[in-house]
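Source file: input-v4.cif (mmCIF, C-alpha atoms)
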```
data_data
loop_
_atom_site.label_atom_id
_atom_site.label_comp_id
_atom_site.auth_asym_id
_atom_site.auth_seq_id
_atom_site.Cartn_x
_atom_site.Cartn_y
_atom_site.Cartn_z
CA MET A 28 43.95 -75.56 -7.57
CA PRO A 29 40.17 -76.09 -7.55
CA VAL A 30 39.49 -78.55 -10.34
CA THR A 31 36.51 -80.38 -11.71
CA ASP A 32 36.98 -84.02 -10.77
CA THR A 33 34.34 -85.15 -13.24
CA PRO A 34 35.76 -84.85 -16.77
CA ASN A 35 33.96 -82.59 -19.16
CA THR A 36 31.90 -84.88 -21.39
CA ALA A 37 31.35 -82.15 -23.97
CA VAL A 38 34.95 -81.59 -25.06
CA PRO A 39 34.87 -79.46 -28.22
CA PRO A 40 36.46 -80.98 -31.34
CA SER A 41 38.01 -77.69 -32.46
CA THR A 42 41.69 -77.23 -31.57
CA LEU A 43 41.14 -73.54 -30.86
CA ASP A 44 38.26 -74.30 -28.52
CA ARG A 45 40.41 -76.85 -26.70
CA LEU A 46 43.26 -74.37 -26.38
CA SER A 47 40.76 -71.90 -24.93
CA LEU A 48 39.72 -74.48 -22.33
CA VAL A 49 43.35 -75.04 -21.37
CA ILE A 50 43.99 -71.30 -20.94
CA ASP A 51 40.76 -70.93 -18.93
CA SER A 52 42.18 -73.44 -16.45
CA PHE A 53 44.34 -70.62 -15.08
CA ARG A 54 41.52 -68.20 -14.32
CA ASP A 55 41.39 -69.15 -10.63
CA THR A 56 44.93 -70.37 -10.00
CA PRO A 57 48.44 -69.14 -10.86
CA ARG A 58 49.82 -72.63 -11.51
CA ALA A 59 48.46 -76.03 -12.50
CA THR A 60 49.80 -79.50 -13.28
CA LEU A 61 49.02 -81.61 -16.31
CA THR A 62 46.68 -83.71 -14.15
CA ASP A 63 44.86 -80.59 -12.90
CA ILE A 64 44.31 -79.30 -16.43
CA THR A 65 43.22 -82.69 -17.76
CA ARG A 66 40.60 -82.98 -15.01
CA HIS A 67 39.44 -79.39 -15.52
CA THR A 68 39.06 -79.61 -19.30
CA GLY A 69 38.14 -83.25 -19.83
CA ILE A 70 40.62 -83.37 -22.72
CA PRO A 71 42.65 -86.62 -22.97
CA ARG A 72 45.98 -86.46 -21.16
CA THR A 73 48.13 -86.99 -24.26
CA SER A 74 46.35 -84.25 -26.20
CA THR A 75 46.54 -81.90 -23.20
CA LEU A 76 50.28 -82.46 -22.84
CA ARG A 77 50.81 -81.78 -26.54
CA MET A 78 48.89 -78.49 -26.33
CA LEU A 79 50.68 -77.44 -23.15
CA GLU A 80 54.09 -77.95 -24.72
CA GLN A 81 53.00 -76.03 -27.80
CA LEU A 82 51.80 -73.14 -25.63
CA VAL A 83 55.13 -73.14 -23.79
CA ARG A 84 57.02 -72.91 -27.09
CA MET A 85 54.79 -70.00 -28.14
CA GLY A 86 55.46 -68.16 -24.87
CA TRP A 87 51.82 -68.30 -23.80
CA LEU A 88 52.67 -70.57 -20.86
CA ARG A 89 55.76 -71.19 -18.72
CA ARG A 90 56.74 -74.51 -17.18
CA HIS A 91 58.16 -74.87 -13.68
CA GLY A 92 58.91 -78.53 -13.00
CA HIS A 93 55.58 -80.32 -13.22
CA GLN A 94 53.53 -77.10 -13.10
CA TYR A 95 52.49 -74.59 -15.73
CA GLU A 96 51.64 -70.89 -15.46
CA LEU A 97 50.66 -68.09 -17.81
CA GLY A 98 53.60 -66.81 -19.83
CA ASP A 99 54.82 -63.32 -20.65
CA ARG A 100 53.25 -63.33 -24.11
CA LEU A 101 49.71 -63.65 -22.75
CA ALA A 102 50.38 -60.98 -20.14
CA GLU A 103 51.71 -58.71 -22.87
CA LEU A 104 48.62 -59.29 -25.01
CA GLY A 105 46.41 -58.55 -22.01
CA VAL A 106 48.12 -55.21 -21.41
CA LEU A 107 48.02 -54.37 -25.12
CA ALA A 108 44.31 -55.18 -25.28
CA ALA A 109 43.62 -53.07 -22.20
CA TYR A 110 45.64 -50.22 -23.70
CA GLN A 111 43.86 -50.34 -27.04
CA ASN A 112 40.43 -50.72 -25.44
CA GLY A 113 40.49 -47.99 -22.86
CA PHE A 114 43.36 -46.55 -20.95
CA ASP A 115 45.08 -45.17 -24.06
CA ARG A 116 42.53 -42.34 -23.84
CA VAL A 117 44.19 -41.22 -20.62
CA VAL A 118 47.77 -42.43 -21.16
CA GLY A 119 47.93 -41.12 -24.74
CA PRO A 120 47.53 -37.44 -23.73
CA LEU A 121 50.18 -37.89 -21.02
CA LEU A 122 52.62 -39.21 -23.61
CA SER A 123 51.75 -36.35 -25.96
CA GLU A 124 52.35 -33.84 -23.18
CA LEU A 125 55.75 -35.40 -22.43
CA HIS A 126 56.62 -35.04 -26.12
CA ARG A 127 55.42 -31.42 -26.13
CA VAL A 128 57.37 -30.49 -23.01
CA THR A 129 60.65 -32.15 -23.98
CA GLY A 130 60.47 -31.99 -27.77
CA HIS A 131 61.72 -35.57 -27.93
CA ILE A 132 60.35 -38.90 -29.11
CA VAL A 133 58.33 -40.77 -26.50
CA HIS A 134 57.95 -44.54 -26.26
CA LEU A 135 55.68 -46.59 -24.00
CA GLY A 136 56.82 -50.21 -23.74
CA VAL A 137 56.34 -53.46 -21.86
CA LEU A 138 58.89 -56.08 -20.90
CA ASP A 139 58.43 -59.46 -22.60
CA GLY A 140 61.19 -61.78 -21.48
CA ALA A 141 64.46 -60.32 -22.77
CA GLU A 142 62.73 -57.87 -25.11
CA VAL A 143 60.79 -54.61 -24.92
CA VAL A 144 57.59 -54.37 -26.96
CA TYR A 145 56.33 -50.91 -27.84
CA LEU A 146 52.69 -50.11 -27.04
CA ASP A 147 52.80 -46.52 -28.22
CA LYS A 148 55.08 -43.96 -29.81
CA VAL A 149 54.66 -40.19 -30.06
CA GLY A 150 56.63 -38.01 -32.48
CA ASP A 151 59.19 -38.53 -35.24
CA ARG A 152 56.63 -39.16 -37.97
CA LYS A 153 58.68 -37.52 -40.73
CA SER A 154 62.25 -38.50 -39.87
CA SER A 155 64.15 -40.87 -42.15
CA THR A 156 65.76 -42.36 -39.03
CA LEU A 157 62.44 -43.83 -37.89
CA HIS A 158 63.13 -47.40 -36.83
CA THR A 159 60.47 -48.16 -34.23
CA ARG A 160 56.74 -48.59 -34.40
CA VAL A 161 53.92 -49.82 -32.22
CA GLY A 162 54.36 -53.57 -31.81
CA SER A 163 58.08 -53.63 -32.66
CA ARG A 164 60.56 -55.36 -30.37
CA ILE A 165 64.12 -54.61 -29.32
CA PRO A 166 66.44 -56.31 -26.81
CA ALA A 167 65.78 -55.02 -23.30
CA ALA A 168 69.52 -54.58 -22.78
CA ALA A 169 69.62 -52.11 -25.70
CA SER A 170 66.65 -50.05 -24.47
CA THR A 171 66.50 -47.51 -21.67
CA ILE A 172 62.98 -48.76 -20.96
CA GLY A 173 64.39 -52.27 -20.64
CA LYS A 174 67.25 -51.07 -18.43
CA ALA A 175 64.85 -49.14 -16.19
CA LEU A 176 62.59 -52.19 -15.84
CA THR A 177 65.33 -54.76 -15.22
CA ALA A 178 67.42 -52.71 -12.78
CA PRO A 179 66.94 -53.43 -9.05
CA ALA A 180 63.72 -51.65 -8.10
CA HIS A 181 65.10 -49.76 -5.11
CA ARG A 182 68.70 -49.11 -6.15
CA ALA A 183 69.57 -45.45 -6.63
CA VAL A 184 72.77 -43.43 -7.01
CA ALA A 185 73.41 -39.76 -6.38
CA ASP A 186 72.58 -38.57 -9.89
CA ARG A 187 70.03 -41.24 -10.86
CA PRO A 188 66.94 -42.24 -8.85
CA ALA A 189 65.71 -45.82 -8.72
CA GLY A 190 63.71 -46.81 -11.77
CA ILE A 191 65.53 -44.38 -14.08
CA ALA A 192 67.98 -45.35 -16.85
CA PHE A 193 70.22 -43.22 -19.05
CA GLY A 194 71.77 -44.42 -22.30
CA VAL A 195 73.29 -43.45 -25.63
CA CYS A 196 71.29 -45.05 -28.44
CA THR A 197 71.94 -45.41 -32.15
CA SER A 198 73.07 -42.43 -34.20
CA GLY A 199 74.27 -40.70 -31.05
CA LEU A 200 70.81 -40.29 -29.57
CA GLY A 201 70.42 -39.81 -25.84
CA CYS A 202 67.64 -41.70 -24.08
CA ILE A 203 66.08 -41.52 -20.62
CA GLY A 204 63.81 -44.32 -19.47
CA ALA A 205 61.59 -44.63 -16.41
CA ARG A 206 59.79 -47.54 -14.81
CA ILE A 207 56.01 -47.10 -14.47
CA GLY A 208 55.24 -50.31 -12.60
CA THR A 209 53.63 -53.72 -13.03
CA TYR A 210 50.19 -53.94 -14.58
CA ARG A 211 48.39 -57.26 -15.02
CA GLY A 212 51.68 -59.07 -14.47
CA THR A 213 53.60 -57.06 -17.06
CA GLN A 214 56.20 -54.39 -16.36
CA ILE A 215 55.66 -51.08 -18.17
CA GLY A 216 58.04 -48.19 -18.82
CA VAL A 217 58.27 -44.90 -20.69
CA SER A 218 61.20 -43.14 -22.34
CA ILE A 219 62.30 -40.11 -24.32
CA SER A 220 64.90 -40.12 -27.09
CA GLY A 221 66.61 -37.12 -28.66
CA PRO A 222 69.93 -35.67 -29.85
CA ARG A 223 72.66 -36.30 -27.30
CA THR A 224 73.41 -32.57 -27.24
CA GLN A 225 69.88 -31.90 -25.96
CA VAL A 226 69.22 -34.93 -23.74
CA ARG A 227 71.45 -34.49 -20.71
CA PHE A 228 71.77 -37.26 -18.19
CA ASP A 229 70.77 -35.35 -15.10
CA LEU A 230 67.83 -34.99 -12.73
CA PRO A 231 66.24 -31.94 -14.42
CA ASN A 232 66.04 -33.76 -17.77
CA ALA A 233 64.79 -36.93 -16.08
CA ALA A 234 62.09 -35.03 -14.14
CA PRO A 235 59.39 -34.89 -16.87
CA VAL A 236 59.89 -38.59 -17.65
CA ARG A 237 59.52 -39.45 -13.97
CA LEU A 238 56.44 -37.27 -13.61
CA THR A 239 54.82 -38.93 -16.61
CA ALA A 240 55.63 -42.39 -15.24
CA ALA A 241 54.14 -41.43 -11.87
CA ALA A 242 50.99 -40.02 -13.51
CA ILE A 243 50.46 -43.20 -15.54
CA ALA A 244 51.06 -45.34 -12.45
CA HIS A 245 48.48 -43.27 -10.56
CA TYR A 246 45.93 -43.79 -13.34
CA LEU A 247 46.59 -47.53 -13.41
CA ASP A 248 46.13 -47.51 -9.61
CA LEU A 249 49.39 -49.34 -8.97
CA SER A 250 50.30 -49.95 -5.35
CA ALA A 251 52.84 -47.65 -3.72
CA ASP A 252 55.70 -50.16 -3.97
CA GLN A 253 55.03 -50.59 -7.70
CA ARG A 254 55.12 -46.91 -8.56
CA PRO A 255 58.18 -44.90 -9.55
CA ALA A 256 59.68 -42.66 -6.91
CA PRO A 257 58.25 -39.11 -6.92
CA ALA A 258 60.37 -36.52 -8.68
CA SER A 259 60.54 -34.48 -5.48
CA ALA A 260 59.41 -35.16 -1.97
CA HIS A 261 58.79 -31.45 -1.30
CA ARG A 262 57.90 -29.65 -4.49
CA LYS A 263 56.98 -30.29 -8.07
CA PRO A 264 60.11 -29.88 -10.24
CA ARG A 265 60.22 -27.30 -12.97
CA LEU A 266 59.96 -29.11 -16.29
CA PRO A 267 62.85 -28.38 -18.65
CA VAL A 268 61.73 -27.36 -22.12
CA SER A 269 63.98 -28.24 -25.04
CA THR A 270 63.89 -27.63 -28.77
CA SER A 271 61.83 -30.17 -30.70
CA ALA A 272 63.95 -32.60 -32.69
CA ASP A 273 63.40 -35.76 -34.67
CA SER A 274 64.94 -38.75 -32.95
CA VAL A 275 64.28 -42.37 -32.16
CA GLU A 276 65.00 -44.85 -29.41
CA PRO A 277 66.35 -48.04 -30.96
#
```
Using structure tokens, write down the structure from this file.
Amino acid sequence: MPVTDTPNTAVPPSTLDRLSLVIDSFRDTPRATLTDITRHTGIPRTSTLRMLEQLVRMGWLRRHGHQYELGDRLAELGVLAAYQNGFDRVVGPLLSELHRVTGHIVHLGVLDGAEVVYLDKVGDRKSSTLHTRVGSRIPAAASTIGKALTAPAHRAVADRPAGIAFGVCTSGLGCIGARIGTYRGTQIGVSISGPRTQVRFDLPNAAPVRLTAAAIAHYLDLSADQRPAPASAHRKPRLPVSTSADSVEP
């Protein structure tokens, strides 16, 4: 890690300003030791260690032996900020189109440790079964987005391509999730949720979710190995249209 050997003689007294200096230490390196960060910031070693441990507890940093790196929480905030400040103008219409085509609730989420955090939700504004909202968290193991993101990236079976997950959610809802890819260090996925009688776990019903994931990945300019597999290698699949219904992915 390139560090400043001469300590910073103008260390700010504010705790927030000091925390900002610590985080800035990772701009040019993925990992840094306590000594590296102390030299870079000029903050006393004891104070630096105390802040580092606090940031680890908050999920802003991770510790690997004697080294620290940015944690999932900061990556999540970075993706959320990027979404709110720009690419929602492109991704939002894609999510709305997926909702229009399928008639089901659409979630966009990111993986944060063992949880999925929702960045966006389309549909189900009037249903009394509404349990999710932008910013809410659920265990990744209970979410088709989480299952799609945590499954081996290149494992596929006959009736389910890699990066796709099927599941029965609360109240008998059927859910189909798809992996979009990794953006700014955070894994992103999309899903639909609807009545189990209307959401069938097959390739035709998964096709619009996969197409939406691929379109978002293309917009985010993810590399080929980060993108979901195309819905068809030869032709664009016919999108199944179902009756609109109020539903929710737990």
For the provided coordinates, the residues matched by the PyMOL selection byres ((chain A and resi 215) around 7) should be stated as a CSV table (one decimal) with C-alpha atoms, in the coordinates of the input.
```
chain,number,residue,atom,x,y,z
A,136,GLY,CA,56.8,-50.2,-23.7
A,137,VAL,CA,56.3,-53.5,-21.9
A,138,LEU,CA,58.9,-56.1,-20.9
A,206,ARG,CA,59.8,-47.5,-14.8
A,207,ILE,CA,56.0,-47.1,-14.5
A,208,GLY,CA,55.2,-50.3,-12.6
A,209,THR,CA,53.6,-53.7,-13.0
A,213,THR,CA,53.6,-57.1,-17.1
A,214,GLN,CA,56.2,-54.4,-16.4
A,216,GLY,CA,58.0,-48.2,-18.8
```
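Separating atom CA of Thr159 of chain A from atom CA of Pro188 of chain A is a distance of 26.9 Å.
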Would you compute the box with edges along x, y and z of the file around segment 187-191 of chain A, including every atom the file lists for it and 3 Å extra on each side, and give its centre and edge lengths in Å to one decimal, as lines of an AutoDock Vina configuration file?
```
center_x = 66.9
center_y = -44.0
center_z = -11.4
size_x = 12.3
size_y = 11.6
size_z = 11.4
```
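In this structure, atom CA of Ile219 of chain A sits 12.8 Å away from atom CA of Tyr145 of chain A.
The residue set within 10 Å of Gly140 of chain A, counting only C-alpha atoms and dropping same-chain residues fewer than 3 places from it, reads A:Gly86, A:Gly98, A:Asp99, A:Arg100, A:Val137, A:Val143, A:Val144, A:Pro166, A:Ala167, A:Thr213.
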Please produce a file of the residues just selected, as a PDB file, keeping the file's coordinate frame, where the atoms kept are C-alpha atoms.
```
ATOM      1  CA  GLY A  86      55.460 -68.160 -24.870  1.00  0.00           C
ATOM      2  CA  GLY A  98      53.600 -66.810 -19.830  1.00  0.00           C
ATOM      3  CA  ASP A  99      54.820 -63.320 -20.650  1.00  0.00           C
ATOM      4  CA  ARG A 100      53.250 -63.330 -24.110  1.00  0.00           C
ATOM      5  CA  VAL A 137      56.340 -53.460 -21.860  1.00  0.00           C
ATOM      6  CA  VAL A 143      60.790 -54.610 -24.920  1.00  0.00           C
ATOM      7  CA  VAL A 144      57.590 -54.370 -26.960  1.00  0.00           C
ATOM      8  CA  PRO A 166      66.440 -56.310 -26.810  1.00  0.00           C
ATOM      9  CA  ALA A 167      65.780 -55.020 -23.300  1.00  0.00           C
ATOM     10  CA  THR A 213      53.600 -57.060 -17.060  1.00  0.00           C
TER      11      THR A 213
END
```
>> Report, in Å with one decimal, the straight-line distance from atom CA of Arg127 of chain A to atom CA of Leu247 of chain A.
In response: 22.3 Å
> Could you tell me, as a PyMOL selection string, which residues have any atom at most 8 Å from (50.5, -71.6, -17.0), counting all atoms listed in the file?
Replying inline: chain A and resi 50+53+57-59+87-90+94-98
Can I get the selected residues back with C-alpha atoms, as a PDB file, keeping the file's coordinate frame?
```
ATOM      1  CA  ILE A  50      43.990 -71.300 -20.940  1.00  0.00           C
ATOM      2  CA  PHE A  53      44.340 -70.620 -15.080  1.00  0.00           C
ATOM      3  CA  PRO A  57      48.440 -69.140 -10.860  1.00  0.00           C
ATOM      4  CA  ARG A  58      49.820 -72.630 -11.510  1.00  0.00           C
ATOM      5  CA  ALA A  59      48.460 -76.030 -12.500  1.00  0.00           C
ATOM      6  CA  TRP A  87      51.820 -68.300 -23.800  1.00  0.00           C
ATOM      7  CA  LEU A  88      52.670 -70.570 -20.860  1.00  0.00           C
ATOM      8  CA  ARG A  89      55.760 -71.190 -18.720  1.00  0.00           C
ATOM      9  CA  ARG A  90      56.740 -74.510 -17.180  1.00  0.00           C
ATOM     10  CA  GLN A  94      53.530 -77.100 -13.100  1.00  0.00           C
ATOM     11  CA  TYR A  95      52.490 -74.590 -15.730  1.00  0.00           C
ATOM     12  CA  GLU A  96      51.640 -70.890 -15.460  1.00  0.00           C
ATOM     13  CA  LEU A  97      50.660 -68.090 -17.810  1.00  0.00           C
ATOM     14  CA  GLY A  98      53.600 -66.810 -19.830  1.00  0.00           C
TER      15      GLY A  98
END
```
> Mind telling me what the PyMOL selection byres ((chain A and resi 240) around 8) catches here, as a list in words?
Replying inline: Ala205, Arg206, Ile207, Gly216, Val217, Val236, Arg237, Leu238, Thr239, Ala241, Ala242, Ile243, Ala244 and Pro255 of chain A
